[in-house]
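J.: Here you go, one structure.
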Amino acid sequence: VDPTKPVALQPETGDWSPVQQLGLSALRCQCELLRSLTYFNYRSLVLQSVVQRGGSPTLEVQTLCCETLCHLFAHDHSGEVSYEAVSLISKRLQQKVITKDLEALLRTLKSVKLSVHADLSRTVHNKAKMERKKRKKLHAERDEVQIGLLEASATSDENNKKRFQADSLQEITLIYFRIVKGKVGFSLLPAALEGLGAITHLINIDTVDDLLAVLRAIVEAQP
């Protein structure tokens, strides 16, 4: 079974053919890998496959993939996998064909753990940059003990988590804004507005002002 081809129900009977059943089983295995082995060697390829099928018109396939993504977001403690998935969802929503089937995929973004305010993004990135420089210097000095202490540091983990959260917040905000401004499927507008409502306390005031201006223009354009 070619993993790049979408699994679909036969329109005549609604039954799964043997090949389609095999494809669905393969997809279930991919989803289980993401749920239980987040750091699987080929995670990026598996994640790309699941995100792509999260907008499938076949309800069983769509539900399986979107529930897996929600589980992934809810149980991601580092933020790294979430950011990778958010980036893939962003790319999926920029494809030429945008349909209502993508709404479930868009709604999975509400499960992403976000706690870093957009105004703190620069500070978070600066701390992460300083940490990378320190690690690079220690590697150059071959100070294995200090490298080990730094990598095991709770502060290091927290800085990385905040950096990934800040990047995820920025990407999610851009996704919603592209939809609200009509640059991506307008049928997704209700889900985008709902998502924005969940993160307005984390985005800066200028972004909120831009959002209000866009919404005002949409209302005024109505007959």
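Letters A, B, ... mark the chains of the structure tokens in the order given; residue numbers begin at 1 per chain; ligand numbers begin at 1, in order shown.
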Write out as number ranges by chain all residues of stretch 29-218 of chain A that backbone DSSP assigns to helix (DSSP H, G or I).

T.: A: 29-36, 43-53, 59-74, 80-92, 100-111, 118-140, 144-151, 154-180, 186-199, 205-218

J.: Write out as a VMD selection string the residues lying within 9 Å of stretch 173-183 of chain A, counting only C-alpha atoms and excluding same-chain residues fewer than 5 positions away.

T.: chain A and resid 89 to 90 93 to 94 106 168 188 to 193 195 to 196 199 203 211 214 to 215 218

J.: Between atom CA of A:Ser82 and atom CA of A:Ser111, what is the distance, to one decimal in Å?

T.: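 About the pair atom CA of A:Ser82 and atom CA of A:Ser111: they are 9.6 Å apart.
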
J.: Just the number, please: distance in Å from atom CA of A:Ser78 to atom CA of A:Arg163, one decimal.

T.: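 Atom-to-atom, atom CA of A:Ser78 to atom CA of A:Arg163, that is 9.7 Å.
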
J.: Compile the contact shell of A:Tyr39 as a list in words: residues with an atom at most 12 Å away, counting only C-alpha atoms, same-chain residues fewer than 3 positions apart removed.

T.: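 The filter keeps Leu33, Leu34, Arg35, Ser36, Tyr42, Arg43, Ser44, Leu45, Val46, Leu47, Leu72, Asp76, Ser78, Glu80 and Val81 of chain A.
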
J.: Keeping only C-alpha atoms, write the selected residues as a PDB file, in the first residue's frame.

T.:
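In the end it all went to out-v4.pdb:
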ATOM      1  CA  LEU A  33       3.636   5.221  16.848  1.00  0.00           C
ATOM      2  CA  LEU A  34       3.019   8.934  17.342  1.00  0.00           C
ATOM      3  CA  ARG A  35       1.039   8.307  20.503  1.00  0.00           C
ATOM      4  CA  SER A  36       3.503   5.954  22.181  1.00  0.00           C
ATOM      5  CA  TYR A  42      11.041   8.480  11.295  1.00  0.00           C
ATOM      6  CA  ARG A  43       8.690  10.639  13.327  1.00  0.00           C
ATOM      7  CA  SER A  44       8.722  13.517  10.840  1.00  0.00           C
ATOM      8  CA  LEU A  45       7.587  11.285   7.972  1.00  0.00           C
ATOM      9  CA  VAL A  46       4.879   9.667  10.083  1.00  0.00           C
ATOM     10  CA  LEU A  47       3.724  13.050  11.372  1.00  0.00           C
ATOM     11  CA  LEU A  72       0.138  14.434  20.801  1.00  0.00           C
ATOM     12  CA  ASP A  76       3.933  16.908  24.609  1.00  0.00           C
ATOM     13  CA  SER A  78       8.862  19.738  25.564  1.00  0.00           C
ATOM     14  CA  GLU A  80       9.197  20.369  20.104  1.00  0.00           C
ATOM     15  CA  VAL A  81       6.837  17.839  18.518  1.00  0.00           C
TER      16      VAL A  81
END

J.: Need to verify the contact set: A:Thr68, 10 Å, only C-alpha atoms, exclusion of same-chain residues closer than 6 positions in sequence. Can you return it as a ChimeraX atom specification?

T.: /A:28,30-35,47,50-51,54,62,74,108

J.: Could you check how far atom CA of A:Asp209 sits from atom CA of A:Gln170, in Å to one decimal?

T.: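 Between atom CA of A:Asp209 and atom CA of A:Gln170 the gap is 16.1 Å.
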
J.: Compare A:Ile205, A:Ala166, A:Ala85, A:Leu69 by their minimum atom-to-atom distance to A:Leu114, counting only C-alpha atoms, and give me the closest one.

T.: A:Ala166
